[in-house]
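S.K.: One structure, pasted below without further comment.
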Amino acid sequence: MGKNSKEVNKSGAKKDISVRFLVLSVFFWLLTVTWILLIFILSSEDGTASNNTSALVQSYTTNIIKFDVFSNTSIRTLGHVCEFGVLTLLSFFAIDFTNRISKKGSYAESPLKIIKSDNEMNIIFTLWFALINALADEYHQLFVTGRTGTIGDVVKDALGILLVLAIIRLVFSIYLSVKGRKEVRYN
């Protein structure tokens with residue numbers, strides 16, 4: 001398999017499928033779905049169990065730091081930010097690798113080019129994917145005893161999502177700068 005990710009099958013015809021990106025795509029989608037299931041399981045805890053989990057994390061961090069720096073509320077807020085930050089990172093890679101499986105199916109081949117680069121499209125799709133999961137998580141909590149689904153929690157989730165997407169964009173820009181390249185823009 002060459003640098004252009006084309007393989008030649010036994011009949012001599014070229015395939016435009018990158019097996020490497022296909023494997024990475026499947027791997028990251030499995031991780032993403034597993035993480036969504038973990039979020040669902042944690043959201044399924046009733047109010048008392050959820051508070052006990054937060055208290056356990058608070059106690060654990062206090063024992064490590066040797067200083068009671070986190071309240072139960074800050075632990076829960078950090079939980080939202082981290083849960084959805086990880087979901088954002090995993091889903092970004094899943095979407096990015098999926099886009100790279102075949103050049104014929106990439107955004108670059110789309111006739112509608114509102115956004116002008118693959119990285120920007122990956123970020124937009126990841127943003128929507130993660131926000132929909134945040135909304136679904138809070139909706140799910142409306143049906144769990146002792147739990148509430150709130151817009152405030154969606155905002156906390158969105159904070160984690162936006163923070164990770166900003167870091168991704170920054171790292172991508174630094175990477176291009178170090179390599180002396182410019183972002184590939186669509187025509």
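Each chain in the structure tokens gets a letter, A, B, ..., in the order shown, and its residues are numbered from 1; ligands are numbered from 1 in order too.
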Could you pull the residues within 12 Å of Thr61 of chain A, counting only C-alpha atoms, minus those fewer than 6 positions along the same chain, as a PyMOL selection string?
M.R.: chain A and resi 54-55+67-72+74-75
S.K.: Where does DSSP see strand (DSSP E) in segment 3-182 of chain A, if you list the residues as a PyMOL selection string?
M.R.: chain A and resi 7-8+14-15
S.K.: Give me a file of those residues, with C-alpha atoms, as a PDB file, in the first residue's frame.
M.R.:
```
ATOM      1  CA  GLU A   7      -4.071  -0.908  -3.287  1.00  0.00           C
ATOM      2  CA  VAL A   8      -3.953  -3.120  -6.324  1.00  0.00           C
ATOM      3  CA  LYS A  14      -6.868  -0.067  -8.101  1.00  0.00           C
ATOM      4  CA  LYS A  15      -9.045   0.295  -5.023  1.00  0.00           C
TER       5      LYS A  15
END
```
S.K.: Please identify all polymer residues within 6 Å of segment 34-49 of chain A, counting only C-alpha atoms, omitting same-chain residues fewer than 6 positions from it, and present them as number ranges by chain.
M.R.: A: 144-147
S.K.: Enumerate as a count of residues only all residues of segment 77-148 of chain A assigned to alpha helix (DSSP H) by DSSP on the backbone, naming them with the chain letters and numbers the document uses.
M.R.: 48
S.K.: Just the residues within 10 Å of Glu120 of chain A, please, counting only C-alpha atoms, with nothing from its chain fewer than 6 positions along; format it as a PyMOL selection string.
M.R.: chain A and resi 126+169+185
S.K.: Excluding segment 18-32 of chain A and its own-chain neighbours fewer than 6 positions away, which residues fall within 8 Å of it when counting only C-alpha atoms? Please give them as a ChimeraX atom specification.
M.R.: /A:5-7,87,90-91,93-98,100-102
S.K.: Can you list, as a ChimeraX atom specification, every protein, DNA or RNA residue that comes within 12 Å of Leu127 of chain A when you count only C-alpha atoms, leaving out same-chain residues fewer than 3 positions away?
M.R.: /A:84-85,87-92,95,120-124,130-134,157-166,168
S.K.: Would you compute the distance between atom CA of Lys66 of chain A and atom CA of Gly79 of chain A? Give it in Å to one decimal.
M.R.: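 That distance, rounded to one decimal, is 20.3 Å.
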